[in-house]
file work_14.pdb (PDB, C-alpha atoms and all ligand atoms)
ATOM      1  CA  MET U   1      31.597  20.198 -74.659
ATOM      2  CA  VAL U   2      28.087  19.085 -73.748
ATOM      3  CA  ASN U   3      27.889  16.012 -71.570
ATOM      4  CA  LYS U   4      24.996  13.717 -72.340
ATOM      5  CA  MET U   5      25.130  11.809 -69.068
ATOM      6  CA  TYR U   6      22.277   9.366 -68.640
ATOM      7  CA  LYS U   7      21.378   6.421 -66.453
ATOM      8  CA  CYS U   8      20.588   3.032 -67.938
ATOM      9  CA  ASN U   9      20.337  -0.632 -67.078
ATOM     10  CA  LEU U  10      22.519  -2.722 -69.321
ATOM     11  CA  GLU U  11      22.516  -6.479 -69.661
ATOM     12  CA  ILE U  12      25.769  -8.327 -69.040
ATOM     13  CA  ILE U  13      26.667 -10.319 -72.169
ATOM     14  CA  SER U  14      29.965 -11.590 -70.768
ATOM     15  CA  ASN U  15      32.237 -11.085 -67.774
ATOM     16  CA  GLU U  16      35.475 -12.988 -68.274
ATOM     17  CA  LEU U  17      38.805 -13.183 -66.494
ATOM     18  CA  LEU U  18      41.555 -11.988 -68.869
ATOM     19  CA  THR U  19      44.518 -12.462 -66.546
ATOM     20  CA  ASN U  20      45.538 -11.890 -62.889
ATOM     21  CA  LYS U  21      42.498 -10.148 -61.334
ATOM     22  CA  ILE U  22      41.705  -8.334 -64.597
ATOM     23  CA  TYR U  23      38.268  -8.840 -66.149
ATOM     24  CA  ARG U  24      36.498  -7.784 -69.312
ATOM     25  CA  MET U  25      32.779  -7.116 -69.025
ATOM     26  CA  VAL U  26      30.662  -6.560 -72.133
ATOM     27  CA  LEU U  27      27.265  -4.917 -71.606
ATOM     28  CA  LYS U  28      24.384  -4.688 -74.033
ATOM     29  CA  GLY U  29      22.041  -1.739 -74.522
ATOM     30  CA  GLU U  30      21.745   1.506 -76.399
ATOM     31  CA  ASN U  31      24.933   3.491 -76.252
ATOM     32  CA  ARG U  32      25.546   7.161 -77.037
ATOM     33  CA  ILE U  33      29.160   7.512 -75.962
ATOM     34  CA  GLU U  34      31.159   9.748 -78.281
ATOM     35  CA  ASN U  35      34.743  10.047 -77.139
ATOM     36  CA  PRO U  36      37.416   7.519 -76.239
ATOM     37  CA  GLY U  37      38.644   8.122 -72.691
ATOM     38  CA  SER U  38      35.249   8.939 -71.206
ATOM     39  CA  PHE U  39      34.019   6.848 -68.295
ATOM     40  CA  VAL U  40      30.934   5.377 -66.644
ATOM     41  CA  GLU U  41      29.827   5.144 -63.014
ATOM     42  CA  VAL U  42      28.752   1.603 -62.203
ATOM     43  CA  THR U  43      26.261   0.824 -59.438
ATOM     44  CA  ILE U  44      27.433  -2.432 -57.903
ATOM     45  CA  PRO U  45      24.637  -4.233 -56.026
ATOM     46  CA  GLY U  46      25.122  -3.778 -52.265
ATOM     47  CA  PHE U  47      27.365  -0.705 -52.585
ATOM     48  CA  TYR U  48      26.139   2.835 -52.032
ATOM     49  CA  LEU U  49      28.928   4.657 -53.888
ATOM     50  CA  LYS U  50      29.208   4.116 -57.605
ATOM     51  CA  ARG U  51      32.570   3.015 -59.056
ATOM     52  CA  PRO U  52      34.117   4.940 -61.980
ATOM     53  CA  ILE U  53      35.415   2.720 -64.796
ATOM     54  CA  SER U  54      36.785   3.890 -68.154
ATOM     55  CA  VAL U  55      35.015   2.993 -71.337
ATOM     56  CA  ALA U  56      37.432   0.517 -72.886
ATOM     57  CA  ASP U  57      35.381   0.110 -76.044
ATOM     58  CA  TYR U  58      31.881   0.727 -77.346
ATOM     59  CA  THR U  59      29.568   0.331 -80.299
ATOM     60  CA  ASN U  60      26.023   1.679 -80.757
ATOM     61  CA  ASP U  61      24.664  -1.114 -78.599
ATOM     62  CA  THR U  62      27.575  -2.474 -76.538
ATOM     63  CA  LEU U  63      29.847  -1.131 -73.842
ATOM     64  CA  THR U  64      33.081  -2.879 -72.843
ATOM     65  CA  LEU U  65      34.786  -2.352 -69.480
ATOM     66  CA  ILE U  66      38.188  -3.719 -68.505
ATOM     67  CA  TYR U  67      38.653  -3.637 -64.763
ATOM     68  CA  LYS U  68      40.997  -4.852 -62.094
ATOM     69  CA  VAL U  69      39.735  -6.310 -58.829
ATOM     70  CA  LEU U  70      41.105  -3.959 -56.165
ATOM     71  CA  GLY U  71      38.596  -3.961 -53.319
ATOM     72  CA  HIS U  72      35.134  -5.203 -52.373
ATOM     73  CA  GLY U  73      33.246  -3.382 -55.155
ATOM     74  CA  THR U  74      35.253  -4.665 -58.099
ATOM     75  CA  ASP U  75      35.411  -8.078 -56.430
ATOM     76  CA  LYS U  76      31.599  -8.208 -56.381
ATOM     77  CA  MET U  77      31.526  -6.987 -59.992
ATOM     78  CA  SER U  78      33.751  -9.907 -61.011
ATOM     79  CA  THR U  79      31.143 -12.378 -59.712
ATOM     80  CA  MET U  80      28.282 -10.948 -61.800
ATOM     81  CA  LEU U  81      26.913 -13.285 -64.420
ATOM     82  CA  LYS U  82      25.781 -13.172 -68.032
ATOM     83  CA  GLY U  83      22.096 -12.184 -68.156
ATOM     84  CA  GLU U  84      22.211 -10.025 -64.999
ATOM     85  CA  SER U  85      21.758  -6.295 -65.424
ATOM     86  CA  LEU U  86      23.972  -3.477 -64.213
ATOM     87  CA  GLU U  87      22.918   0.116 -63.571
ATOM     88  CA  VAL U  88      25.321   2.477 -65.275
ATOM     89  CA  LEU U  89      25.587   6.262 -65.385
ATOM     90  CA  THR U  90      27.168   6.703 -68.744
ATOM     91  CA  ASP U  91      28.916   9.180 -71.044
ATOM     92  CA  LEU U  92      30.804  10.935 -68.232
ATOM     93  CA  GLY U  93      33.870  13.133 -68.583
ATOM     94  CA  ASN U  94      35.467  14.804 -71.572
ATOM     95  CA  GLY U  95      37.416  11.967 -73.201
ATOM     96  CA  PHE U  96      40.245  12.404 -75.699
ATOM     97  CA  THR U  97      38.971  15.043 -78.106
ATOM     98  CA  ASN U  98      42.169  16.070 -79.886
ATOM     99  CA  LEU U  99      43.544  13.206 -81.982
ATOM    100  CA  THR U 100      46.867  14.153 -83.569
ATOM    101  CA  LYS U 101      48.710  12.690 -86.573
ATOM    102  CA  ASN U 102      51.738  11.108 -84.876
ATOM    103  CA  PRO U 103      50.556   9.961 -81.433
ATOM    104  CA  LEU U 104      52.370   8.137 -78.671
ATOM    105  CA  ILE U 105      50.277   6.125 -76.226
ATOM    106  CA  VAL U 106      51.746   5.599 -72.765
ATOM    107  CA  ALA U 107      49.903   2.939 -70.757
ATOM    108  CA  GLY U 108      50.692   1.715 -67.264
ATOM    109  CA  GLY U 109      48.914  -1.302 -65.779
ATOM    110  CA  ILE U 110      45.113  -1.169 -65.858
ATOM    111  CA  GLY U 111      45.519   2.334 -67.332
ATOM    112  CA  VAL U 112      45.595   0.493 -70.649
ATOM    113  CA  ALA U 113      41.769   0.194 -70.593
ATOM    114  CA  PRO U 114      40.738   3.417 -72.422
ATOM    115  CA  PHE U 115      43.340   2.827 -75.136
ATOM    116  CA  VAL U 116      41.443  -0.023 -76.782
ATOM    117  CA  ASN U 117      38.952   2.418 -78.204
ATOM    118  CA  LEU U 118      41.479   5.229 -78.662
ATOM    119  CA  VAL U 119      43.646   2.959 -80.835
ATOM    120  CA  LYS U 120      40.540   2.050 -82.880
ATOM    121  CA  LYS U 121      39.668   5.735 -83.318
ATOM    122  CA  PHE U 122      43.210   6.480 -84.543
ATOM    123  CA  ASN U 123      43.032   3.500 -86.916
ATOM    124  CA  GLU U 124      39.760   4.845 -88.358
ATOM    125  CA  LEU U 125      41.691   8.014 -89.236
ATOM    126  CA  GLY U 126      44.370   5.904 -90.959
ATOM    127  CA  ILE U 127      46.831   6.409 -88.075
ATOM    128  CA  LYS U 128      48.746   3.726 -86.191
ATOM    129  CA  PRO U 129      50.066   5.099 -82.905
ATOM    130  CA  THR U 130      53.317   4.118 -81.241
ATOM    131  CA  MET U 131      52.611   2.584 -77.834
ATOM    132  CA  ILE U 132      54.636   2.015 -74.675
ATOM    133  CA  TYR U 133      52.880  -0.440 -72.379
ATOM    134  CA  GLY U 134      54.310  -0.934 -68.890
ATOM    135  CA  GLU U 135      53.412  -3.698 -66.460
ATOM    136  CA  GLN U 136      54.893  -5.067 -63.257
ATOM    137  CA  THR U 137      55.297  -8.502 -64.821
ATOM    138  CA  LYS U 138      54.431 -10.271 -68.087
ATOM    139  CA  GLU U 139      51.428 -12.184 -66.667
ATOM    140  CA  ASN U 140      49.580  -8.870 -66.226
ATOM    141  CA  TYR U 141      49.458  -7.916 -69.903
ATOM    142  CA  VAL U 142      46.066  -7.883 -71.606
ATOM    143  CA  LEU U 143      45.034  -7.749 -75.271
ATOM    144  CA  LEU U 144      48.601  -7.852 -76.603
ATOM    145  CA  ASP U 145      47.515  -9.285 -79.976
ATOM    146  CA  PHE U 146      45.087  -6.399 -80.465
ATOM    147  CA  PHE U 147      47.694  -3.768 -79.620
ATOM    148  CA  LYS U 148      50.426  -5.446 -81.704
ATOM    149  CA  GLU U 149      48.165  -5.546 -84.731
ATOM    150  CA  ASN U 150      46.852  -2.006 -84.491
ATOM    151  CA  THR U 151      49.880   0.059 -83.479
ATOM    152  CA  LYS U 152      52.938   1.128 -85.472
ATOM    153  CA  GLU U 153      55.210  -0.173 -82.726
ATOM    154  CA  LEU U 154      54.353  -1.754 -79.379
ATOM    155  CA  ILE U 155      57.098  -1.335 -76.790
ATOM    156  CA  LEU U 156      56.685  -3.569 -73.751
ATOM    157  CA  VAL U 157      58.409  -2.674 -70.501
ATOM    158  CA  THR U 158      58.157  -4.627 -67.258
ATOM    159  CA  ASP U 159      59.370  -3.772 -63.759
ATOM    160  CA  ASP U 160      60.860  -7.253 -63.351
ATOM    161  CA  GLY U 161      62.164  -7.618 -66.921
ATOM    162  CA  SER U 162      60.017 -10.727 -67.535
ATOM    163  CA  SER U 163      58.855  -9.339 -70.892
ATOM    164  CA  GLY U 164      60.245  -6.684 -73.217
ATOM    165  CA  ILE U 165      62.617  -4.190 -71.661
ATOM    166  CA  LYS U 166      63.238  -4.016 -67.910
ATOM    167  CA  GLY U 167      62.005  -0.728 -66.499
ATOM    168  CA  ASN U 168      58.910   1.433 -66.791
ATOM    169  CA  PRO U 169      57.491   3.709 -69.500
ATOM    170  CA  CYS U 170      59.300   6.765 -68.080
ATOM    171  CA  SER U 171      62.705   5.099 -67.766
ATOM    172  CA  TYR U 172      62.270   3.898 -71.354
ATOM    173  CA  LEU U 173      61.312   7.359 -72.595
ATOM    174  CA  SER U 174      64.173   9.052 -70.795
ATOM    175  CA  SER U 175      66.773   6.899 -72.529
ATOM    176  CA  ASN U 176      65.183   6.386 -75.976
ATOM    177  CA  LYS U 177      64.177   8.894 -78.610
ATOM    178  CA  ILE U 178      60.621   8.446 -79.901
ATOM    179  CA  ASP U 179      59.201  10.621 -82.634
ATOM    180  CA  PHE U 180      55.686  11.838 -81.697
ATOM    181  CA  ASP U 181      53.616  15.013 -81.753
ATOM    182  CA  LYS U 182      51.459  14.398 -78.621
ATOM    183  CA  TYR U 183      51.287  11.664 -76.041
ATOM    184  CA  TYR U 184      48.158  10.134 -74.500
ATOM    185  CA  ALA U 185      48.872   8.670 -71.065
ATOM    186  CA  CYS U 186      46.928   6.715 -68.480
ATOM    187  CA  GLY U 187      48.319   4.764 -65.552
ATOM    188  CA  PRO U 188      49.374   5.015 -61.928
ATOM    189  CA  ASN U 189      49.906   8.511 -60.505
ATOM    190  CA  ILE U 190      53.608   7.893 -60.059
ATOM    191  CA  MET U 191      53.973   7.170 -63.787
ATOM    192  CA  LEU U 192      52.046  10.303 -64.790
ATOM    193  CA  LYS U 193      53.984  12.420 -62.314
ATOM    194  CA  ASN U 194      57.331  11.212 -63.707
ATOM    195  CA  LEU U 195      56.104  11.564 -67.277
ATOM    196  CA  ILE U 196      55.390  15.286 -66.940
ATOM    197  CA  LYS U 197      58.886  15.767 -65.545
ATOM    198  CA  LEU U 198      60.187  14.445 -68.886
ATOM    199  CA  THR U 199      57.736  16.292 -71.147
ATOM    200  CA  THR U 200      54.346  17.965 -70.890
ATOM    201  CA  ASN U 201      53.655  17.573 -74.586
ATOM    202  CA  GLY U 202      50.489  15.512 -74.271
ATOM    203  CA  TYR U 203      47.401  14.517 -72.344
ATOM    204  CA  LEU U 204      46.951  12.702 -69.054
ATOM    205  CA  SER U 205      43.940  10.649 -68.029
ATOM    206  CA  LEU U 206      43.723  11.201 -64.271
ATOM    207  CA  GLU U 207      42.137   9.171 -61.490
ATOM    208  CA  ALA U 208      40.559  10.531 -58.322
ATOM    209  CA  ARG U 209      38.322   9.137 -55.617
ATOM    210  CA  MET U 210      34.831  10.126 -56.742
ATOM    211  CA  GLY U 211      31.545  10.879 -55.040
ATOM    212  CA  CYS U 212      28.832  11.858 -57.507
ATOM    213  CA  GLY U 213      30.857  11.405 -60.724
ATOM    214  CA  PHE U 214      29.069  14.215 -62.578
ATOM    215  CA  GLY U 215      30.346  17.489 -61.154
ATOM    216  CA  ALA U 216      28.032  18.125 -58.208
ATOM    217  CA  CYS U 217      30.064  17.333 -55.075
ATOM    218  CA  MET U 218      33.531  18.776 -55.879
ATOM    219  CA  GLY U 219      34.999  15.655 -54.257
ATOM    220  CA  CYS U 220      37.342  14.961 -57.147
ATOM    221  CA  SER U 221      38.837  18.465 -57.528
ATOM    222  CA  ILE U 222      42.508  18.842 -58.387
ATOM    223  CA  GLU U 223      44.800  21.853 -58.624
ATOM    224  CA  THR U 224      45.723  22.969 -62.115
ATOM    225  CA  THR U 225      47.564  25.987 -63.507
ATOM    226  CA  LYS U 226      44.099  27.274 -64.491
ATOM    227  CA  GLY U 227      42.613  26.860 -60.993
ATOM    228  CA  PRO U 228      40.776  23.925 -59.414
ATOM    229  CA  LYS U 229      39.137  21.486 -61.814
ATOM    230  CA  ARG U 230      36.943  18.417 -61.304
ATOM    231  CA  VAL U 231      38.377  15.155 -62.644
ATOM    232  CA  CYS U 232      34.862  13.850 -63.342
ATOM    233  CA  LYS U 233      33.619  16.899 -65.224
ATOM    234  CA  GLU U 234      36.479  18.922 -66.757
ATOM    235  CA  GLY U 235      38.522  15.682 -66.936
ATOM    236  CA  PRO U 236      39.462  12.925 -66.660
ATOM    237  CA  ILE U 237      41.647  14.007 -69.603
ATOM    238  CA  PHE U 238      43.817  17.055 -68.936
ATOM    239  CA  GLU U 239      46.583  18.764 -70.857
ATOM    240  CA  ALA U 240      49.741  17.587 -69.161
ATOM    241  CA  SER U 241      51.042  21.169 -68.986
ATOM    242  CA  GLU U 242      48.160  22.255 -66.716
ATOM    243  CA  VAL U 243      48.378  19.459 -64.133
ATOM    244  CA  ILE U 244      50.056  20.308 -60.812
ATOM    245  CA  TYR U 245      51.377  17.431 -58.712
ATOM    246  CA  GLU U 246      52.272  18.240 -55.091
TER     247      GLU U 246
HETATM  248  C1  LIG S   1      37.915   8.214 -64.317
HETATM  249  C2  LIG S   1      38.313   6.878 -63.755
HETATM  250  C3  LIG S   1      38.412   5.782 -64.606
HETATM  251  C4  LIG S   1      38.776   4.531 -64.084
HETATM  252  N1  LIG S   1      38.865   3.490 -64.971
HETATM  253  C5  LIG S   1      39.169   2.268 -64.501
HETATM  254  C6  LIG S   1      39.219   1.160 -65.401
HETATM  255  O1  LIG S   1      38.978   1.278 -66.609
HETATM  256  N2  LIG S   1      39.516  -0.059 -64.889
HETATM  257  C7  LIG S   1      39.782  -0.213 -63.551
HETATM  258  O2  LIG S   1      40.078  -1.357 -63.137
HETATM  259  N3  LIG S   1      39.740   0.803 -62.686
HETATM  260  C8  LIG S   1      39.431   2.047 -63.121
HETATM  261  N4  LIG S   1      39.369   3.091 -62.238
HETATM  262  C9  LIG S   1      39.639   2.833 -60.806
HETATM  263  C10 LIG S   1      38.385   2.225 -60.162
HETATM  264  O3  LIG S   1      37.394   3.213 -60.066
HETATM  265  C11 LIG S   1      38.709   1.686 -58.761
HETATM  266  O4  LIG S   1      39.642   0.650 -58.875
HETATM  267  C12 LIG S   1      37.448   1.121 -58.115
HETATM  268  O5  LIG S   1      36.545   2.180 -57.845
HETATM  269  C13 LIG S   1      37.791   0.404 -56.839
HETATM  270  O6  LIG S   1      36.588  -0.029 -56.260
HETATM  271  P1  LIG S   1      36.571  -1.194 -55.169
HETATM  272  O7  LIG S   1      35.258  -1.152 -54.494
HETATM  273  O8  LIG S   1      36.991  -2.482 -55.761
HETATM  274  O9  LIG S   1      37.725  -0.747 -54.205
HETATM  275  P2  LIG S   1      37.612  -0.004 -52.822
HETATM  276  O10 LIG S   1      37.285  -1.012 -51.770
HETATM  277  O11 LIG S   1      36.779   1.216 -52.948
HETATM  278  O12 LIG S   1      39.141   0.423 -52.700
HETATM  279  C14 LIG S   1      40.189  -0.585 -52.783
HETATM  280  C15 LIG S   1      41.510   0.097 -52.987
HETATM  281  O13 LIG S   1      41.529   0.823 -54.238
HETATM  282  C16 LIG S   1      41.857   2.182 -54.046
HETATM  283  N5  LIG S   1      41.019   2.985 -54.966
HETATM  284  C17 LIG S   1      39.679   2.978 -55.056
HETATM  285  N6  LIG S   1      39.259   3.847 -55.989
HETATM  286  C18 LIG S   1      40.344   4.409 -56.507
HETATM  287  C19 LIG S   1      40.553   5.401 -57.493
HETATM  288  N7  LIG S   1      39.562   5.983 -58.152
HETATM  289  N8  LIG S   1      41.821   5.745 -57.766
HETATM  290  C20 LIG S   1      42.836   5.174 -57.114
HETATM  291  N9  LIG S   1      42.703   4.223 -56.175
HETATM  292  C21 LIG S   1      41.477   3.866 -55.870
HETATM  293  C22 LIG S   1      41.517   2.451 -52.607
HETATM  294  O14 LIG S   1      42.323   3.485 -52.073
HETATM  295  C23 LIG S   1      41.832   1.128 -51.929
HETATM  296  O15 LIG S   1      43.178   1.005 -51.629
HETATM  297  C24 LIG S   1      39.043   4.356 -62.709
HETATM  298  C25 LIG S   1      38.928   5.467 -61.852
HETATM  299  C26 LIG S   1      38.585   6.713 -62.360
HETATM  300  C27 LIG S   1      38.474   7.870 -61.436
HETATM  301  S1  LIG S   2      32.905  13.265 -58.089
HETATM  302 FE1  LIG S   2      31.485  14.819 -57.513
HETATM  303  S2  LIG S   2      32.282  16.558 -58.531
HETATM  304 FE2  LIG S   2      33.556  14.944 -59.251
END

call {"tool": "encode", "arguments": {"input": "work_14.pdb", "output": "structure tokens", "more": "lines below"}}
Ligand SMILES: Cc1cc2nc3c(=O)[nH]c(=O)nc-3n(C[C@H](O)[C@H](O)[C@H](O)COP(=O)(O)OP(=O)(O)OC[C@H]3O[C@@H](n4cnc5c(N)ncnc54)[C@H](O)[C@@H]3O)c2cc1C
Ligand code: FES
result
Amino acid sequence: MVNKMYKCNLEIISNELLTNKIYRMVLKGENRIENPGSFVEVTIPGFYLKRPISVADYTNDTLTLIYKVLGHGTDKMSTMLKGESLEVLTDLGNGFTNLTKNPLIVAGGIGVAPFVNLVKKFNELGIKPTMIYGEQTKENYVLLDFFKENTKELILVTDDGSSGIKGNPCSYLSSNKIDFDKYYACGPNIMLKNLIKLTTNGYLSLEARMGCGFGACMGCSIETTKGPKRVCKEGPIFEASEVIYE
């Protein structure tokens, strides 16, 4: 796959709080992103290292990011205003390239972000995926109406049992039979690690601390059954069967 990485300055159209520390930022400017699950590197004013954020959604001239305030960089990002511009290195990573007929989406926490566009892409093919969406507590859920409307079944699981079924996506999967051909998973490492113990029949979107974000520094390398691979370049989407967790 050819990456068409390019740098651009995009204007912030909106930057709104969705729920506890989770924001949605919509940026305006020409957009050539092709695959759901790819990501951008955002230059946050005052910070040397760029921050990788998944493309939650995009059109020809908009880019939507859904991000959680974790540290100083994302905190600064949450204070940026409509009309300001943001430097973005865009169209990074491979994205989800193999869309199957009977998909299962497994989302944990802010790992839900890339699934907005993936669900839309499935819908364009006439497919409604089944989705398991895990959160610590019900206040953390985002875009539930969108996911309810555009999936075949939306299964909510919370650690504290405040919404849906008490547990996490893996505990749900281990005790319930779901019919699917491939899964598409993104979430905390612990969720992905437990998921591949249950089944490797799918794809994982991995996170790593990143330096350059486009394959030059090797800082994001992981071990796979096919040798070391860079999360930013060969990933962030990997076949679950090739990922090795220590
Ligand atoms: C390919 C990719 C896609 C991502 N997509 C999203 C997204 O759509 N929405 C979103 O909210 N976040 C996403 N992230 C995570 C995001 O990059 C980090 O949350 C962000 O860089 C933190 O920056 P900060 O300056 O706020 O935090 P820092 O001050 O740099 O760190 C704060 C805390 O976050 C931890 N942290 C920082 N970066 C990462 C990371 N990459 N992985 C795990 N822990 C980290 C640090 O260990 C520290 O504990 C993605 C990461 C990758 C690699
Ligand atoms: S972050 Fe530099 S190679 Fe991946």

call {"tool": "residues_near_ligand", "arguments": {"input": "work_14.pdb", "ligand": "ligand LIG 2 (chain S)", "cutoff": "8 Å", "atoms": "all atoms listed in the file", "output": "number ranges by chain"}}
result
U: 209-221, 230-233

call {"tool": "closest_residue", "arguments": {"input": "work_14.pdb", "among": "U:Lys138, U:Lys152, U:Lys197, U:His72", "to": "ligand LIG 1 (chain S)", "atoms": "all atoms listed in the file"}}
result
U:His72

call {"tool": "closest_atom_pairs", "arguments": {"input": "work_14.pdb", "of": "chain U", "to": "ligand LIG 1 (chain S)", "cutoff": "8 Å", "atoms": "all atoms listed in the file", "output": "CSV"}}
result
residue,atom,partner,partner_atom,distance
U:Ile22,CA,S:LIG1,O2,7.3
U:Ser38,CA,S:LIG1,C1,7.4
U:Phe39,CA,S:LIG1,C1,5.7
U:Val40,CA,S:LIG1,C3,7.8
U:Lys50,CA,S:LIG1,O5,7.6
U:Arg51,CA,S:LIG1,O5,4.2
U:Pro52,CA,S:LIG1,O3,4.2
U:Ile53,CA,S:LIG1,N1,3.5
U:Ser54,CA,S:LIG1,O1,3.7
U:Val55,CA,S:LIG1,O1,6.4
U:Ala56,CA,S:LIG1,O1,6.5
U:Leu65,CA,S:LIG1,O1,6.2
U:Ile66,CA,S:LIG1,N2,5.3
U:Tyr67,CA,S:LIG1,O2,3.1
U:Lys68,CA,S:LIG1,O2,3.8
U:Val69,CA,S:LIG1,O8,5.6
U:Leu70,CA,S:LIG1,O8,4.4
U:Gly71,CA,S:LIG1,O8,3.3
U:His72,CA,S:LIG1,O7,4.6
U:Gly73,CA,S:LIG1,O7,3.1
U:Thr74,CA,S:LIG1,O8,3.6
U:Asp75,CA,S:LIG1,O8,5.9
U:Lys76,CA,S:LIG1,O8,7.9
U:Gly93,CA,S:LIG1,C1,7.7
U:Ile110,CA,S:LIG1,O2,5.7
U:Gly111,CA,S:LIG1,O1,6.7
U:Val112,CA,S:LIG1,O1,7.8
U:Ala113,CA,S:LIG1,O1,5.0
U:Pro114,CA,S:LIG1,O1,6.4
U:Ser205,CA,S:LIG1,C1,7.5
U:Leu206,CA,S:LIG1,C1,6.5
U:Glu207,CA,S:LIG1,C27,3.9
U:Ala208,CA,S:LIG1,C27,4.6
U:Arg209,CA,S:LIG1,N7,4.2
U:Met210,CA,S:LIG1,C27,6.4
U:Val231,CA,S:LIG1,C1,7.2
U:Cys232,CA,S:LIG1,C1,6.5
U:Gly235,CA,S:LIG1,C1,7.9
U:Pro236,CA,S:LIG1,C1,5.5

call {"tool": "atom_distance", "arguments": {"input": "work_14.pdb", "atom1": "CA of Glu242 in chain U", "atom2": "CA of Lys177 in chain U"}}
result
24.0 Å

call {"tool": "resolve_selection", "arguments": {"input": "work_14.pdb", "expression": "the PyMOL selection byres (((chain U and resi 31) around 6) and not hetatm)", "output": "PDB file with C-alpha atoms, keeping the file's coordinate frame"}}
result
ATOM      1  CA  GLU U  30      21.745   1.506 -76.399  1.00  0.00           C
ATOM      2  CA  ARG U  32      25.546   7.161 -77.037  1.00  0.00           C
ATOM      3  CA  ILE U  33      29.160   7.512 -75.962  1.00  0.00           C
ATOM      4  CA  ASN U  60      26.023   1.679 -80.757  1.00  0.00           C
ATOM      5  CA  ASP U  61      24.664  -1.114 -78.599  1.00  0.00           C
TER       6      ASP U  61
END

call {"tool": "closest_residue", "arguments": {"input": "work_14.pdb", "among": "U:Ser241, U:Asn123, U:Asn140, U:Asn168", "to": "Asn102 in chain U", "atoms": "only C-alpha atoms"}}
result
U:Asn123

call {"tool": "resolve_selection", "arguments": {"input": "work_14.pdb", "expression": "the PyMOL selection byres (((chain U and resi 178-195) around 8) and not hetatm)", "output": "ChimeraX atom specification"}}
result
/U:100-112,169-170,173,176-177,196-207,245

call {"tool": "write_last_selection", "arguments": {"input": "work_14.pdb", "atoms": "C-alpha atoms", "output": "mmCIF file, in the coordinates of the input"}}
result
data_model
loop_
_atom_site.group_PDB
_atom_site.id
_atom_site.type_symbol
_atom_site.label_atom_id
_atom_site.label_comp_id
_atom_site.auth_asym_id
_atom_site.auth_seq_id
_atom_site.Cartn_x
_atom_site.Cartn_y
_atom_site.Cartn_z
ATOM 1 C CA THR U 100 46.867 14.153 -83.569
ATOM 2 C CA LYS U 101 48.710 12.690 -86.573
ATOM 3 C CA ASN U 102 51.738 11.108 -84.876
ATOM 4 C CA PRO U 103 50.556 9.961 -81.433
ATOM 5 C CA LEU U 104 52.370 8.137 -78.671
ATOM 6 C CA ILE U 105 50.277 6.125 -76.226
ATOM 7 C CA VAL U 106 51.746 5.599 -72.765
ATOM 8 C CA ALA U 107 49.903 2.939 -70.757
ATOM 9 C CA GLY U 108 50.692 1.715 -67.264
ATOM 10 C CA GLY U 109 48.914 -1.302 -65.779
ATOM 11 C CA ILE U 110 45.113 -1.169 -65.858
ATOM 12 C CA GLY U 111 45.519 2.334 -67.332
ATOM 13 C CA VAL U 112 45.595 0.493 -70.649
ATOM 14 C CA PRO U 169 57.491 3.709 -69.500
ATOM 15 C CA CYS U 170 59.300 6.765 -68.080
ATOM 16 C CA LEU U 173 61.312 7.359 -72.595
ATOM 17 C CA ASN U 176 65.183 6.386 -75.976
ATOM 18 C CA LYS U 177 64.177 8.894 -78.610
ATOM 19 C CA ILE U 196 55.390 15.286 -66.940
ATOM 20 C CA LYS U 197 58.886 15.767 -65.545
ATOM 21 C CA LEU U 198 60.187 14.445 -68.886
ATOM 22 C CA THR U 199 57.736 16.292 -71.147
ATOM 23 C CA THR U 200 54.346 17.965 -70.890
ATOM 24 C CA ASN U 201 53.655 17.573 -74.586
ATOM 25 C CA GLY U 202 50.489 15.512 -74.271
ATOM 26 C CA TYR U 203 47.401 14.517 -72.344
ATOM 27 C CA LEU U 204 46.951 12.702 -69.054
ATOM 28 C CA SER U 205 43.940 10.649 -68.029
ATOM 29 C CA LEU U 206 43.723 11.201 -64.271
ATOM 30 C CA GLU U 207 42.137 9.171 -61.490
ATOM 31 C CA TYR U 245 51.377 17.431 -58.712
#

call {"tool": "atom_distance", "arguments": {"input": "work_14.pdb", "atom1": "CA of Phe47 in chain U", "atom2": "CA of Asp91 in chain U"}}
result
21.0 Å

call {"tool": "resolve_selection", "arguments": {"input": "work_14.pdb", "expression": "the PyMOL selection byres (((chain U and resi 24) around 7) and not hetatm)", "output": "short mmCIF file (atom, residue, chain, number, x, y, z; two decimals) with C-alpha atoms, in the frame of the given file"}}
result
data_model
loop_
_atom_site.label_atom_id
_atom_site.label_comp_id
_atom_site.auth_asym_id
_atom_site.auth_seq_id
_atom_site.Cartn_x
_atom_site.Cartn_y
_atom_site.Cartn_z
CA ASN U 15 32.24 -11.08 -67.77
CA GLU U 16 35.48 -12.99 -68.27
CA LEU U 17 38.80 -13.18 -66.49
CA LEU U 18 41.56 -11.99 -68.87
CA TYR U 23 38.27 -8.84 -66.15
CA MET U 25 32.78 -7.12 -69.03
CA VAL U 26 30.66 -6.56 -72.13
CA THR U 64 33.08 -2.88 -72.84
CA LEU U 65 34.79 -2.35 -69.48
CA ILE U 66 38.19 -3.72 -68.50
CA TYR U 67 38.65 -3.64 -64.76
#
